[in-house]
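Since the structure comes first, as structure tokens, the remarks are kept for the end.
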Amino acid sequence: MNDIECMRLALQLAKKGCGFVNPNPMVGAVLLKEGRVIGTGYHERYGAPHAEVNALAGCEESPDGATLYVTLEPCCHYGKTPPCTEAILKAGIKRVVVGSSDPNPLVKGQGIKILREKGVEVTEGILKSECDRLNEVFFHFIQTGRPYVVMKYAMTMDGKTAAYTGDSKWITGETARENVHKDRLRYSAVMVGIGTVFADDPLLTCRTEGGRNPLRIICDTTLRLPLTSQIVATANEVPTLIATSCRDQETQQPYLKAGCRILPLEQADGHLDLYELMTKLGAEKIDSILLEGGGILNWSALQAGIVNRVQTYIAPKLFGGSGGKTPVAGPGVPHPEDGFFLTNIEVKHLGEDILIESEVKPYVHRDY
């Protein structure tokens, strides 16, 4: 096997940790000796041994003199686990092949530097773009301290997210909906506005086999969340956080009793300060959010500058009508050149539906 083939295998292994290692990165490792794979491993859960250590522990023979392929630069500091550089040196690895550099200030090239200083040959940048994309959430979080936000919505080919009656179940097909549940596993939290709860009474759980439920975040400025909603009814089973500007303890009490957590926030332009919300969530190690809000929350999130990626599910349907809802509401931008521009477009087919994924170009807070 060559470097490319081994790194592709390491990438496949790394993806097995998806949804279970946050806020740590997904990492895979492969050990090659005399052309044979003698050990593989990946970072399985937050706080558990890293990929390199797991690969070494599962070796079929002595790793002395072997080559280690790892999707992310080995760590060199004590955290939940000891430094991987120490394990690599102790095992007698002669060469390390790295996909991505680690932007974590505690690493940031130091892992590679230590290995080279100890006589280990290090090759960098093998399948770098694939390795970087794998950990876009981690890279954003470790450098900003705020969650990576993915704004997701489903619409018809004429841009409607619901019929004029407000009915929106279901716009997309089963394959597309299964993909959404995979993303609820991938990201740490799912966030909606109170309008979505009123309209759909969703559960916002992950129905992927063997998965785990994300933290549910409800943006509810004046605390109107129905106590009879599925969200409140299941708050003792699924972590639920209500972001609100209502500080009245008597109003909050029924939600707290039901198992919800209340996060008080200031307001910005009459709505919750979403930038403040991201800062507070980041401090709690919430590294990523799947934003499944309605048009009003989507506009507020864009305006606040917190959206990193957009997922647009498009169904081969036409609803028509001037009263149908659209993915992004609010006042909108005054001129075409003021729009929120998207880049790095990717298109996938999911059954009969289409998923367009794109990144939001960097911008500052807007005052529209």
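Residue numbering restarts at 1 in every chain; chains get A, B, ... in the order shown in the structure tokens, and ligands count up from 1 in that same order.
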Item to complete: Compile the contact shell of A:Tyr148 as JSON, numbers by chain: residues with an atom at most 8 Å away, counting only C-alpha atoms, same-chain residues fewer than 2 positions apart removed.
Response: {"A": [137, 140, 141, 146, 150, 287, 288, 289, 306, 307, 308]}
Worksheet entry | Nearby residues (only C-alpha atoms) at most 10 Å from stretch 270-280 of chain A, same-chain spacing under 4 positions excluded, as an MDAnalysis selection string | chainID A and resid 144:149 219:222 243:245 263:266 284:289 297 300:306 365
Item to complete: Would you mind listing what lies within 10 Å of A:Thr234 as an NGL selection string, with only C-alpha atoms counted and same-chain residues fewer than 4 positions away left out?
Response: :A and (203 or 229-230 or 238-240 or 258-260)
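The shell of residues at most 8 Å from stretch 324-326 of chain A, with only C-alpha atoms counted and near chain neighbours (fewer than 3 positions) removed, consists of A:Met155, A:Gly159, A:Lys160, A:Thr161, A:Ala162, A:Ala163, A:Tyr164, A:Thr165, A:Gly166, A:Gly295, A:Phe319, A:Gly320, A:Gly321, A:Ala329.
Every protein, DNA or RNA residue with an atom at most 7 Å from stretch 95-101 of chain A, where only C-alpha atoms count and chain neighbours fewer than 3 positions away do not, is listed here: Ala66, Thr67, Leu68, Tyr69, Val70, Thr71, Leu72, Glu73, Lys108, Gly109, Val120, Glu121, Val122, Thr123, Glu124, Gly125, Ile126, Leu127, Lys128, Cys131 and Asp132 of chain A.
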Requested write-out: C-alpha atoms of the selected residues, as an mmCIF file, in the first residue's frame:
data_model
loop_
_atom_site.group_PDB
_atom_site.id
_atom_site.type_symbol
_atom_site.label_atom_id
_atom_site.label_comp_id
_atom_site.auth_asym_id
_atom_site.auth_seq_id
_atom_site.Cartn_x
_atom_site.Cartn_y
_atom_site.Cartn_z
ATOM 1 C CA ALA A 66 6.823 0.795 11.171
ATOM 2 C CA THR A 67 5.205 3.801 9.458
ATOM 3 C CA LEU A 68 2.256 5.494 11.152
ATOM 4 C CA TYR A 69 -0.412 7.195 9.047
ATOM 5 C CA VAL A 70 -2.609 9.609 10.971
ATOM 6 C CA THR A 71 -5.223 12.050 9.672
ATOM 7 C CA LEU A 72 -4.288 14.778 12.193
ATOM 8 C CA GLU A 73 -0.980 15.857 13.683
ATOM 9 C CA LYS A 108 0.141 23.709 16.253
ATOM 10 C CA GLY A 109 3.219 22.113 14.738
ATOM 11 C CA VAL A 120 11.404 10.366 13.252
ATOM 12 C CA GLU A 121 10.838 11.070 9.553
ATOM 13 C CA VAL A 122 7.635 13.099 9.107
ATOM 14 C CA THR A 123 5.726 13.580 5.856
ATOM 15 C CA GLU A 124 2.989 16.224 5.908
ATOM 16 C CA GLY A 125 -0.060 17.089 3.822
ATOM 17 C CA ILE A 126 -1.107 13.696 2.435
ATOM 18 C CA LEU A 127 -4.792 14.071 1.416
ATOM 19 C CA LYS A 128 -4.743 17.359 3.300
ATOM 20 C CA CYS A 131 -8.464 15.552 6.208
ATOM 21 C CA ASP A 132 -9.147 19.258 6.718
#
Practice prompt. Looking only at helix (DSSP H, G or I) from DSSP on the backbone, list the matching residues of stretch 134-355 of chain A as a PyMOL selection string.
Written response: chain A and resi 134+136-144+174-186+194-200+230-233+249-258+274-283+295-304+336-338
Worksheet entry | Residues near A:Gln143, cut-off 12 Å, only C-alpha atoms, skip fewer than 6 positions along chain, as a ChimeraX atom specification | /A:102-106,108,136-137,282,287
Practice prompt. Could you tell me which of A:Leu215, A:Cys75, A:Ile88, A:Ala154 comes closest to A:Ile171 if we count only C-alpha atoms?
Written response: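 Looking only at the distances to A:Ile171, the closest residue turns out to be A:Ala154.
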Fill in: atom CA of A:Ile194 to atom CA of A:Leu227, straight-line distance in Å
12.3 Å
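For the residues A:Arg36, A:Arg186, A:Ile262, A:Val30, ranking by smallest atom-to-atom distance to A:Leu56 using only C-alpha atoms places A:Val30 first.
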Worksheet item: What gap, in Å, lies between atom CA of A:Ile217 and atom CA of A:Gly79?
Response: 28.6 Å
Worksheet item: Which of these, A:Asp167, A:Lys152, A:Ile354, A:Ala283, has the shortest distance to A:Gly323 once you count only C-alpha atoms?
Response: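 Of the candidates, the smallest distance to A:Gly323 is held by A:Asp167.
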Worksheet item: Just asking: which residues within stretch 186-337 of chain A are strand (DSSP E or B) according to DSSP, as JSON, numbers by chain?
Response: {"A": [189, 190, 191, 192, 193, 215, 216, 217, 218, 219, 240, 241, 242, 243, 244, 261, 262, 263, 264, 267, 268, 271, 272, 288, 289, 290, 291, 309, 310, 311, 312, 313, 314, 315]}
Worksheet item: A:Arg133, A:Leu342, A:Ser188, A:His181: which is nearest A:Asn24, counting only C-alpha atoms?
Response: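 Among the listed residues, A:Ser188 lies closest to A:Asn24.
With atom CA of A:Lys16 on one side and atom CA of A:Glu130 on the other, the separation reads 15.3 Å.
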